[in-house]
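Colleague: Okay, so here is structure_25.txt, and as you'll see once you scroll down, it has compact mmCIF, C-alpha atoms.
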# COMPACT_ATOMS: atom_id res chain seq x y z
CA MET E 93 43.85 -16.97 -23.51
CA SER E 94 45.40 -19.27 -20.91
CA LEU E 95 43.69 -20.49 -17.77
CA GLN E 96 46.54 -18.96 -15.75
CA HIS E 97 45.77 -15.56 -17.27
CA LEU E 98 42.11 -15.87 -16.32
CA LEU E 99 42.88 -16.86 -12.77
CA GLY E 100 45.32 -14.04 -12.09
CA PRO E 101 47.62 -11.51 -13.73
CA SER E 102 51.10 -12.53 -14.77
CA ASP E 103 54.19 -10.87 -13.37
CA ASP E 104 54.62 -8.61 -16.37
CA THR E 105 50.97 -7.54 -16.19
CA VAL E 106 51.39 -6.49 -12.59
CA ALA E 107 54.53 -4.58 -13.47
CA THR E 108 52.97 -2.57 -16.28
CA ASN E 109 49.44 -1.92 -14.97
CA THR E 110 48.80 0.22 -11.92
CA PRO E 111 46.03 -1.03 -9.65
CA ARG E 112 42.71 0.69 -10.15
CA PRO E 113 41.59 2.40 -6.94
CA TYR E 114 38.35 1.36 -5.28
CA ALA E 115 35.95 4.13 -6.28
CA PRO E 116 32.30 3.02 -6.43
CA THR E 117 30.04 5.37 -8.36
CA ARG E 118 26.88 4.60 -6.40
CA ARG E 119 26.77 3.87 -2.70
CA VAL E 120 23.72 2.40 -0.99
CA THR E 121 25.11 2.74 2.52
CA ALA E 122 27.83 4.86 4.05
CA PRO E 123 31.31 3.30 4.39
CA SER E 124 30.97 3.50 8.15
CA SER E 125 28.03 1.05 8.03
CA VAL E 126 30.46 -1.86 8.23
CA LEU E 127 31.25 -0.73 11.77
CA ILE E 128 27.62 -1.14 12.89
CA PRO E 129 27.13 -4.66 14.29
CA ILE E 130 24.23 -6.79 13.11
CA SER E 131 21.24 -6.39 15.39
CA ARG E 132 19.80 -9.13 17.55
CA VAL E 133 16.60 -9.21 15.53
CA GLU E 134 18.45 -9.37 12.20
CA LEU E 135 20.61 -12.20 13.51
CA ALA E 136 17.58 -14.22 14.50
CA GLN E 137 15.81 -13.53 11.20
CA LEU E 138 18.76 -14.34 8.97
CA SER E 139 19.53 -17.51 10.90
CA GLN E 140 16.26 -19.00 9.66
CA LEU E 141 16.61 -20.49 6.20
CA ASN E 142 13.06 -19.78 5.08
CA ASN E 143 13.39 -16.16 6.23
CA ASN E 144 16.62 -15.39 4.39
CA PRO E 145 15.85 -12.46 2.06
CA LEU E 146 18.43 -13.66 -0.48
CA ARG E 147 16.81 -17.05 -0.74
CA ARG E 148 13.31 -15.62 -0.65
CA GLY E 149 14.07 -13.28 -3.55
CA HIS E 150 15.50 -16.05 -5.78
CA SER E 151 12.78 -17.48 -7.96
CA ARG E 152 14.42 -20.91 -8.18
CA ALA E 153 15.32 -21.36 -4.55
CA PRO E 154 12.74 -23.60 -2.86
CA THR E 155 11.38 -22.51 0.52
CA LEU E 156 11.80 -25.34 2.96
CA PRO E 157 9.17 -25.97 5.61
CA SER E 158 10.27 -25.25 9.15
CA SER E 159 10.48 -28.97 9.93
CA SER E 160 13.11 -29.40 7.22
CA ILE E 161 15.37 -26.54 8.20
CA GLU E 162 17.40 -28.40 10.77
CA SER E 163 17.90 -31.40 8.50
CA ALA E 164 18.97 -29.08 5.68
CA ARG E 165 21.66 -27.68 7.94
CA GLY E 166 22.81 -31.03 9.22
CA SER E 167 23.20 -31.21 12.95
CA GLN E 168 23.35 -27.43 13.43
CA ALA E 169 20.25 -26.18 15.24
CA ILE E 170 18.62 -22.85 14.54
CA PRO E 171 20.06 -20.30 16.98
CA SER E 172 17.61 -18.42 19.16
CA LEU E 173 17.73 -14.72 19.93
CA PRO E 174 20.89 -13.90 21.89
CA PRO E 175 20.29 -12.56 25.40
CA LYS E 176 19.74 -8.80 25.58
CA PRO E 177 22.63 -6.87 27.14
CA GLN E 178 22.20 -5.06 30.44
CA SER E 179 21.80 -1.75 28.60
CA LEU E 180 21.27 -0.71 25.03
CA PRO E 181 24.36 0.22 23.03
CA PRO E 182 24.72 3.88 22.10
CA ARG E 183 23.42 4.93 18.72
CA PRO E 184 26.07 5.49 16.03
CA THR E 185 27.19 9.11 16.09
CA ASN E 186 28.53 9.41 12.54
CA GLY E 187 26.41 11.35 10.10
CA GLY E 188 25.86 8.48 7.70
CA ASN E 189 24.70 5.92 10.27
CA GLY E 190 24.85 3.27 7.58
CA TYR E 191 21.19 3.84 6.75
CA LYS E 192 19.75 4.38 3.32
CA ARG E 193 17.98 7.71 2.97
CA SER E 194 14.25 7.39 2.40
CA SER E 195 14.56 9.52 -0.74
CA GLU E 196 16.33 6.60 -2.42
CA TYR E 197 13.01 4.75 -2.45
CA ALA E 198 11.25 7.51 -4.39
CA HIS E 199 11.21 5.59 -7.67
CA ASP E 200 9.33 2.69 -6.05
CA SER E 201 6.29 4.61 -4.92
CA GLY E 202 5.09 6.41 -8.03
CA PRO E 203 4.04 10.02 -8.40
CA ALA E 204 2.37 10.07 -5.00
CA TYR E 205 5.74 10.24 -3.27
CA LYS E 206 6.86 13.70 -2.26
CA ARG E 207 10.63 14.04 -1.88
CA SER E 208 11.93 15.51 1.32
CA ARG E 209 15.12 15.78 3.32
CA PRO E 210 14.47 13.93 6.55
CA ASN E 211 16.64 14.59 9.57
CA GLN E 212 18.84 11.88 11.01
CA ASP E 213 16.29 10.45 13.47
CA THR E 214 13.55 10.41 10.83
CA SER E 215 15.84 8.54 8.43
CA VAL E 216 16.64 5.97 11.11
CA VAL E 217 12.94 5.35 11.74
CA ALA E 218 12.01 5.19 8.05
CA ASN E 219 14.82 2.84 7.12
CA HIS E 220 14.23 0.62 10.11
CA TYR E 221 10.65 -0.05 9.03
CA ASN E 222 11.58 -0.26 5.36
CA ALA E 223 14.11 -2.97 6.22
CA ARG E 224 11.67 -5.02 8.28
CA PRO E 225 10.77 -8.17 6.29
CA ASN E 226 7.20 -8.60 5.09
CA ILE E 227 6.82 -12.10 6.50
CA SER E 228 4.07 -14.63 5.91
CA ARG E 229 1.27 -15.28 8.38
CA GLU E 230 2.80 -18.66 9.24
CA THR E 231 6.18 -17.11 10.02
CA ARG E 232 4.52 -14.34 12.01
CA LEU E 233 3.01 -16.94 14.33
CA GLU E 234 6.54 -18.12 15.17
CA SER E 235 7.50 -14.72 16.61
CA PRO E 236 8.93 -14.97 20.13
CA ILE E 237 6.56 -12.16 21.17
CA ILE E 238 3.45 -13.36 19.33
CA GLY E 239 1.43 -13.07 22.55
CA LEU E 240 2.37 -9.39 22.88
CA LYS E 241 1.59 -8.71 19.22
CA ASN E 242 -1.81 -10.39 19.55
CA PHE E 243 -2.58 -8.33 22.64
CA ASN E 244 -1.68 -5.08 20.87
CA ASN E 245 -3.92 -6.07 17.97
CA TRP E 246 -6.76 -6.74 20.41
CA ILE E 247 -6.31 -3.27 21.93
CA LYS E 248 -6.50 -1.67 18.47
CA SER E 249 -9.59 -3.74 17.63
CA VAL E 250 -11.28 -2.47 20.81
CA LEU E 251 -10.48 1.16 19.97
CA ILE E 252 -11.79 0.73 16.43
CA ALA E 253 -14.98 -0.97 17.61
CA LYS E 254 -15.71 1.64 20.28
CA PHE E 255 -14.86 4.84 18.42
CA ALA E 256 -14.64 4.26 14.66
CA ARG E 257 -18.33 4.68 13.94
CA ARG E 258 -20.77 7.44 13.17
CA GLU E 259 -22.80 9.11 15.87
CA GLY E 260 -25.81 7.15 17.05
CA GLN E 261 -24.45 3.74 16.05
CA SER E 262 -24.19 0.99 18.63
CA LEU E 263 -21.49 -1.66 18.82
CA GLU E 264 -23.84 -4.10 17.09
CA GLN E 265 -24.29 -1.84 14.06
CA VAL E 266 -21.83 -1.97 11.17
CA PRO E 267 -20.39 1.52 10.60
CA ARG E 268 -19.65 2.99 7.20
CA VAL E 269 -16.72 5.27 7.73
CA LYS E 270 -13.94 6.89 5.75
CA VAL E 271 -10.56 6.32 7.39
CA LEU E 272 -7.25 8.20 7.24
CA ASP E 273 -4.54 5.91 8.62
CA LEU E 274 -1.42 7.97 9.37
CA GLY E 275 1.58 5.73 9.94
CA CYS E 276 -0.18 2.82 8.21
CA GLY E 277 3.06 0.82 8.05
CA LYS E 278 2.75 -2.48 6.21
CA GLY E 279 -1.05 -2.46 6.46
CA GLY E 280 -1.36 -4.61 9.55
CA ASP E 281 -4.72 -3.04 10.47
CA LEU E 282 -6.42 -3.42 7.08
CA GLN E 283 -8.34 -6.51 8.15
CA LYS E 284 -9.54 -4.72 11.28
CA TRP E 285 -10.87 -1.83 9.21
CA SER E 286 -12.53 -4.25 6.81
CA LYS E 287 -14.37 -5.97 9.67
CA ALA E 288 -15.34 -2.56 11.05
CA GLY E 289 -17.25 -1.78 7.86
CA THR E 290 -14.90 0.81 6.40
CA ASP E 291 -16.04 1.93 2.97
CA GLU E 292 -13.06 4.14 2.04
CA TYR E 293 -9.48 4.15 3.29
CA VAL E 294 -6.34 6.25 2.79
CA GLY E 295 -3.05 4.98 4.27
CA ILE E 296 0.02 7.22 4.51
CA ASP E 297 3.46 6.39 5.87
CA LEU E 298 6.97 7.81 5.58
CA ALA E 299 8.47 4.37 4.81
CA ALA E 300 7.96 3.88 1.08
CA VAL E 301 8.76 0.16 1.06
CA SER E 302 6.25 -0.42 3.85
CA VAL E 303 3.61 1.50 1.87
CA GLU E 304 4.08 -0.77 -1.14
CA GLN E 305 3.80 -3.80 1.12
CA ALA E 306 0.57 -2.38 2.56
CA ARG E 307 -0.77 -1.94 -0.96
CA SER E 308 0.12 -5.54 -1.76
CA ARG E 309 -1.59 -6.74 1.41
CA TRP E 310 -4.75 -4.84 0.46
CA GLU E 311 -4.69 -6.30 -3.05
CA ASN E 312 -4.51 -9.81 -1.59
CA MET E 313 -7.15 -9.39 1.10
CA ARG E 314 -9.47 -12.38 1.26
CA SER E 315 -12.45 -10.37 2.45
CA THR E 316 -14.28 -7.78 0.38
CA ARG E 317 -11.92 -4.92 -0.30
CA PHE E 318 -12.91 -1.33 0.31
CA PRO E 319 -11.63 1.44 -2.02
CA ALA E 320 -8.15 2.40 -0.80
CA ALA E 321 -5.18 4.60 -1.61
CA PHE E 322 -1.64 4.17 -0.29
CA LEU E 323 0.71 7.14 -0.27
CA THR E 324 4.22 7.94 0.95
CA LEU E 325 4.85 11.10 2.95
CA ASP E 326 6.30 12.15 6.28
CA CYS E 327 3.10 13.56 7.75
CA PHE E 328 5.03 15.09 10.62
CA GLU E 329 7.23 17.15 8.30
CA GLU E 330 4.97 18.01 5.34
CA SER E 331 1.35 18.84 4.69
CA ILE E 332 -0.93 16.25 3.10
CA THR E 333 -2.68 19.00 1.15
CA ASP E 334 -0.55 18.62 -1.97
CA LEU E 335 -0.59 14.83 -1.69
CA LEU E 336 -4.33 14.20 -1.68
CA PRO E 337 -6.23 15.18 -4.84
CA PRO E 338 -9.46 17.17 -4.36
CA SER E 339 -11.56 14.16 -5.35
CA GLN E 340 -10.09 12.18 -2.45
CA VAL E 341 -11.03 14.73 0.21
CA GLN E 342 -14.35 15.95 -1.19
CA ARG E 343 -15.92 13.68 1.41
CA PRO E 344 -14.17 14.35 4.74
CA PHE E 345 -12.72 11.60 6.91
CA ASP E 346 -14.76 10.17 9.76
CA VAL E 347 -11.76 8.64 11.57
CA VAL E 348 -8.03 9.36 11.73
CA SER E 349 -5.95 6.53 13.16
CA MET E 350 -2.36 6.77 14.44
CA GLN E 351 -1.23 3.46 15.90
CA PHE E 352 2.15 3.32 17.67
CA CYS E 353 3.50 6.25 15.66
CA MET E 354 2.30 9.64 16.93
CA HIS E 355 5.14 9.96 19.46
CA TYR E 356 7.65 10.34 16.61
CA ALA E 357 6.11 13.77 15.92
CA PHE E 358 7.13 15.19 19.29
CA GLU E 359 10.74 15.74 18.41
CA THR E 360 9.89 19.43 17.91
CA GLU E 361 6.86 21.66 18.31
CA GLU E 362 6.87 22.31 14.56
CA LYS E 363 6.52 18.61 13.79
CA ALA E 364 3.77 18.14 16.38
CA ARG E 365 1.80 21.05 14.93
CA MET E 366 2.22 19.73 11.39
CA MET E 367 0.89 16.38 12.58
CA LEU E 368 -2.15 17.98 14.21
CA SER E 369 -2.79 20.11 11.12
CA ASN E 370 -2.76 17.01 8.91
CA VAL E 371 -5.00 15.15 11.35
CA THR E 372 -7.70 17.81 11.52
CA GLN E 373 -7.60 19.42 8.09
CA TYR E 374 -9.90 16.90 6.39
CA LEU E 375 -11.57 15.43 9.49
CA ARG E 376 -15.27 16.19 9.68
CA PRO E 377 -16.71 17.96 12.75
CA GLY E 378 -17.65 15.20 15.16
CA GLY E 379 -15.03 12.92 13.62
CA VAL E 380 -12.65 11.08 15.91
CA VAL E 381 -8.91 10.55 16.22
CA ILE E 382 -7.81 7.25 17.76
CA GLY E 383 -4.34 6.00 18.52
CA THR E 384 -1.82 4.32 20.77
CA ILE E 385 1.31 5.92 22.23
CA PRO E 386 3.84 5.17 24.98
CA ASP E 387 2.50 6.11 28.42
CA ALA E 388 4.77 9.00 29.49
CA GLU E 389 3.90 8.62 33.18
CA ASN E 390 4.84 4.95 33.11
CA LEU E 391 8.12 5.61 31.29
CA LEU E 392 9.12 8.40 33.67
CA GLU E 393 8.23 6.36 36.74
CA LYS E 394 10.56 3.59 35.59
CA LEU E 395 13.21 6.18 34.75
CA SER E 396 13.01 7.58 38.29
CA GLN E 397 14.00 4.14 39.61
CA VAL E 398 17.31 4.24 37.72
CA PRO E 399 20.03 5.23 40.24
CA GLU E 400 21.38 8.77 39.94
CA ASP E 401 24.95 7.49 39.58
CA SER E 402 24.06 5.06 36.79
CA GLU E 403 26.25 5.34 33.70
CA GLN E 404 23.24 4.93 31.39
CA LEU E 405 19.62 5.94 31.90
CA ALA E 406 18.40 2.53 30.79
CA TYR E 407 15.91 -0.11 31.91
CA GLY E 408 14.01 -3.05 30.44
CA ASN E 409 13.88 -6.84 30.42
CA THR E 410 14.48 -9.66 27.94
CA VAL E 411 11.76 -8.32 25.61
CA TYR E 412 12.22 -4.56 25.59
CA GLY E 413 14.81 -1.93 26.41
CA ILE E 414 14.64 1.86 26.86
CA LYS E 415 17.59 4.25 27.16
CA PHE E 416 17.00 7.95 27.72
CA ASP E 417 19.39 10.65 26.57
CA THR E 418 18.58 12.82 29.60
CA ARG E 419 16.28 12.61 32.63
CA THR E 420 14.43 15.77 31.62
CA PRO E 421 13.75 17.46 28.27
CA PRO E 422 16.96 18.99 26.89
CA ASN E 423 15.35 22.40 26.52
CA PRO E 424 14.08 23.72 29.88
CA ASP E 425 11.62 26.01 28.08
CA SER E 426 10.00 23.21 26.06
CA TRP E 427 8.62 19.72 26.72
CA PHE E 428 9.40 18.61 23.16
CA GLY E 429 12.45 16.58 22.17
CA HIS E 430 12.72 14.36 25.27
CA ARG E 431 14.30 11.47 23.41
CA TYR E 432 14.92 7.85 24.28
CA THR E 433 16.05 4.82 22.29
CA PHE E 434 13.63 1.91 22.15
CA PHE E 435 14.19 -1.77 21.50
CA LEU E 436 11.46 -4.41 21.22
CA GLN E 437 12.37 -7.97 20.41
CA ASP E 438 11.35 -9.01 16.89
CA ALA E 439 9.71 -5.65 16.24
CA VAL E 440 11.69 -2.46 16.90
CA GLU E 441 15.48 -2.37 16.68
CA GLU E 442 16.75 0.56 18.75
CA VAL E 443 15.11 3.57 17.11
CA PRO E 444 14.71 7.07 18.57
CA GLU E 445 11.32 7.95 20.07
CA TYR E 446 9.97 10.94 22.00
CA MET E 447 7.94 11.47 25.14
CA VAL E 448 4.33 12.67 24.84
CA PRO E 449 3.13 14.07 28.20
CA TRP E 450 -0.63 13.59 27.96
CA ASP E 451 -1.72 16.86 29.61
CA LYS E 452 0.63 18.91 27.42
CA PHE E 453 -0.63 17.11 24.32
CA VAL E 454 -4.26 17.84 25.25
CA GLU E 455 -3.45 21.55 25.60
CA LEU E 456 -1.83 21.60 22.16
CA ALA E 457 -4.61 19.54 20.55
CA ALA E 458 -7.22 22.00 21.86
CA GLU E 459 -5.75 24.64 19.55
CA TYR E 460 -6.85 22.38 16.67
CA SER E 461 -10.40 21.87 18.04
CA LEU E 462 -9.65 18.39 19.36
CA LYS E 463 -11.12 17.36 22.72
CA PRO E 464 -10.18 14.10 24.48
CA ILE E 465 -13.00 11.64 25.05
CA PHE E 466 -10.91 8.62 26.08
CA ASN E 467 -7.47 8.02 27.55
CA ALA E 468 -6.42 4.86 29.38
CA PRO E 469 -3.34 2.67 29.85
CA PHE E 470 -3.50 -0.73 28.18
CA SER E 471 -3.89 -2.32 31.62
CA ASP E 472 -7.11 -0.35 32.25
CA ILE E 473 -8.43 -1.05 28.76
CA PHE E 474 -7.98 -4.77 29.36
CA ALA E 475 -9.56 -4.62 32.82
CA ASP E 476 -12.55 -2.61 31.60
CA GLU E 477 -13.24 -4.27 28.25
CA SER E 478 -12.34 -7.94 28.80
CA ASP E 479 -15.68 -8.48 30.57
CA ASP E 480 -17.61 -7.27 27.53
CA PRO E 481 -18.93 -10.41 25.78
CA LEU E 482 -17.92 -9.09 22.36
CA PHE E 483 -14.36 -8.26 23.38
CA ALA E 484 -13.99 -11.32 25.63
CA GLN E 485 -14.74 -13.57 22.67
CA LEU E 486 -12.24 -11.57 20.64
CA LEU E 487 -9.55 -12.25 23.25
CA THR E 488 -9.77 -15.96 22.54
CA ARG E 489 -10.20 -15.62 18.80
CA MET E 490 -7.13 -13.40 18.54
CA LYS E 491 -5.17 -15.82 20.77
CA VAL E 492 -4.51 -13.29 23.51
CA VAL E 493 -5.69 -15.97 25.93
CA ASP E 494 -6.19 -19.69 25.44
CA ALA E 495 -9.44 -21.63 25.88
CA ASP E 496 -8.85 -21.80 29.64
CA GLY E 497 -8.33 -18.04 29.92
CA ASN E 498 -4.57 -18.20 30.41
CA ALA E 499 -2.54 -15.40 28.87
CA GLU E 500 -0.29 -16.25 25.94
CA MET E 501 2.22 -13.62 27.11
CA ASP E 502 4.94 -14.21 29.64
CA GLU E 503 5.72 -11.62 32.34
CA ASP E 504 8.33 -9.78 30.28
CA GLN E 505 5.94 -9.40 27.34
CA LEU E 506 3.21 -8.24 29.71
CA GLU E 507 5.50 -5.55 31.14
CA ALA E 508 6.30 -4.35 27.62
CA ALA E 509 2.59 -4.21 26.73
CA MET E 510 1.79 -2.08 29.76
CA LEU E 511 4.12 0.70 28.54
CA TYR E 512 1.35 2.07 26.30
CA LEU E 513 -1.97 3.85 26.43
CA GLY E 514 -4.87 4.19 24.03
CA PHE E 515 -6.72 7.41 23.31
CA ALA E 516 -9.56 8.98 21.37
CA LEU E 517 -10.29 12.64 20.62
CA VAL E 518 -13.22 14.26 18.89
CA LYS E 519 -13.13 17.26 16.57
CA GLU E 520 -15.48 19.90 17.92
Translate the structure described by the file into structure tokens.
Modeller:
Amino acid sequence: MSLQHLLGPSDDTVATNTPRPYAPTRRVTAPSSVLIPISRVELAQLSQLNNNPLRRGHSRAPTLPSSSIESARGSQAIPSLPPKPQSLPPRPTNGGNGYKRSSEYAHDSGPAYKRSRPNQDTSVVANHYNARPNISRETRLESPIIGLKNFNNWIKSVLIAKFARREGQSLEQVPRVKVLDLGCGKGGDLQKWSKAGTDEYVGIDLAAVSVEQARSRWENMRSTRFPAAFLTLDCFEESITDLLPPSQVQRPFDVVSMQFCMHYAFETEEKARMMLSNVTQYLRPGGVVIGTIPDAENLLEKLSQVPEDSEQLAYGNTVYGIKFDTRTPPNPDSWFGHRYTFFLQDAVEEVPEYMVPWDKFVELAAEYSLKPIFNAPFSDIFADESDDPLFAQLLTRMKVVDADGNAEMDEDQLEAAMLYLGFALVKE
């Protein structure tokens, strides 16, 4: 066979053979996905050589240290995050959205995965977190919002220390508690639960890839590992009853944790009630629910400052951006479904979230025998707990502040941090 024939068809071949139409048998993303521009976070991640998923997945490709990246590229410097636009772009309106359905990950998570048909917003959320890279600790420290991330971790550590313990235990005592972590993500809180003395842990998340990464993080924990199970399920759409074997719930949970995830359940009343049913079903009387959610009062106050004649109901700064669909809930007879799109630099890439008015949530939670025992914005938690010697020391150790007491966050990160509140409820 001639080289010319290998490089391209001859004239007579073209004349006799009709071109074969492009007809792929298996699509991973919808054709319209090519119309969705690369996000700012993805651009920044892929511009770093040691963070390139193609290079990272190749067993023979060496990972260059950060000091060698610029020399490897010649004189081209690593681009920083592009400036955030004045308002967030509208979400794609086509049905496919270019996102992979979470059901496509079913084969990765074993028999514990329960197949479902998530709606469009749920698929966007699941695939966003599935696509987030599981970066190393060293790379994590290079995040442009590392001060904000450290502060959020400090808040969660405070909530765990204050409420994740059995009755009668002081802060100095090591609790022995069984934990249900709904929305466990990639397992970022495993070390916190280990230090809190957890002796049994179950983590559940709708993002199957994240669940496997959480399992891997647990397997590689340097401290003593507690018994743990990692399962994939949308706990806002389906009951955990069929997912957890009887042996796993024979001893009830002492603590249920929902960190930065519960607000996704408030798309509809049905989803919120499913969430509360899953939270309370295997929680012992006297057990606690802790979590962090966006502060609805704060979000609405900022929304009220957007001019009435504004084309988009959007606000934010260089770190975060929020764009509401409407000023009020779309259904006048219900407070559910008040949606906005959220962007957080190097963390959340424009995913749909939902408002959780605290008073309305308390009324609904009371139907499931949950009574609030704590509710405070992050600003109040910091003001109240930073004077505690235990938590003050933790501020420095977790690099929220430096040795001189100066915050590691800039003003834009601080504003983003103050969008949230922490809470605790007890099962009566």
Colleague: Measuring between only C-alpha atoms, which one of E:Val250, E:Leu233, E:Met366, E:Ala388 shows the shortest distance to E:Ile473?
Modeller: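 Under the stated criterion, the closest residue is E:Val250.
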Colleague: Which of these, E:Glu329, E:Glu389, E:Asp281, E:Glu292, has the shortest distance to E:Phe352 once you count all atoms listed in the file?
Modeller: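 Among E:Glu329, E:Glu389, E:Asp281, E:Glu292, it is E:Asp281 that comes nearest to E:Phe352.
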Colleague: Listing only residues of stretch 304-389 of chain E within 12 Å of stretch 460-468 of chain E, what is the closest atom pair and its distance in Å (to one decimal) for each, using all atoms listed in the file, sorted by chain and residue number ascending, as CSV?
Modeller:
residue,atom,partner,partner_atom,distance
E:Val348,CA,E:Leu462,CA,11.9
E:Ala364,CA,E:Tyr460,CA,11.4
E:Arg365,CA,E:Tyr460,CA,8.9
E:Met366,CA,E:Tyr460,CA,10.8
E:Met367,CA,E:Tyr460,CA,10.6
E:Leu368,CA,E:Tyr460,CA,6.9
E:Ser369,CA,E:Tyr460,CA,7.2
E:Asn370,CA,E:Tyr460,CA,10.3
E:Val371,CA,E:Tyr460,CA,9.2
E:Thr372,CA,E:Tyr460,CA,6.9
E:Gln373,CA,E:Tyr460,CA,9.1
E:Leu375,CA,E:Leu462,CA,10.5
E:Arg376,CA,E:Ser461,CA,11.2
E:Pro377,CA,E:Ser461,CA,9.1
E:Gly378,CA,E:Leu462,CA,9.6
E:Gly379,CA,E:Leu462,CA,9.6
E:Val380,CA,E:Leu462,CA,8.6
E:Val381,CA,E:Leu462,CA,8.5
E:Ile382,CA,E:Phe466,CA,9.0
E:Gly383,CA,E:Asn467,CA,9.8
E:Thr384,CA,E:Asn467,CA,9.6
E:Ile385,CA,E:Asn467,CA,10.5
E:Pro386,CA,E:Ala468,CA,11.2
E:Asp387,CA,E:Ala468,CA,9.1
E:Ala388,CA,E:Ala468,CA,11.9
E:Glu389,CA,E:Ala468,CA,11.6
Colleague: Would you please work out which residue, of E:Val492, E:Glu477, E:Asn312, E:Gln437, is nearest to E:Lys254 when using all atoms listed in the file?
Modeller: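 Smallest separation from E:Lys254 among the options: E:Glu477.
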Colleague: List as a VMD selection string the protein and nucleic acid residues near E:Thr433, meaning an atom at most 7 Å away when all atoms listed in the file are counted, but skip any in the same chain fewer than 3 places from it.
Modeller: chain E and resid 414 to 416 442 to 445
Colleague: What is the distance between atom CA of E:Leu392 and atom CA of E:Phe515, in Å to one decimal?
Modeller: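 Taking atom CA of E:Leu392 as the start and atom CA of E:Phe515 as the end point, the length is 19.0 Å.
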Colleague: With all atoms listed in the file as the atoms that count, which of E:Ser308, E:Thr290, E:Ser426, E:Ser302 lies nearest to E:Thr360?
Modeller: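 Closest to E:Thr360 of all the choices is E:Ser426.
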Colleague: Between atom CA of E:Ser315 and atom CA of E:Gly514, what is the spacing in Å?
Modeller: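 Separation between atom CA of E:Gly514 and atom CA of E:Ser315: 27.1 Å.
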Colleague: Rank E:Lys491, E:Glu361, E:Phe243, E:Tyr512 by their smallest atom-to-atom distance to E:Lys452, using all atoms listed in the file, and report the top residue only.
Modeller: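 For E:Lys452, the nearest of the candidates is E:Glu361.
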Colleague: Find the distance between atom CA of E:Asp273 and atom CA of E:Leu336 and write it in Å to one decimal.
Modeller: 13.2 Å
Colleague: Counting only C-alpha atoms, figure out which residue out of E:Leu395, E:Ala357, E:Ala499, E:Leu240 gets nearest to E:Asp438.
Modeller: E:Leu240
Colleague: Once you add 3 Å to each side, what are the centre and edge lengths of the axis-aligned box holding all listed atoms of stretch 483-501 of chain E? One decimal in Å, as lines of an AutoDock Vina configuration file, if you can.
Modeller:
center_x = -6.3
center_y = -15.0
center_z = 24.5
size_x = 23.0
size_y = 19.5
size_z = 17.9
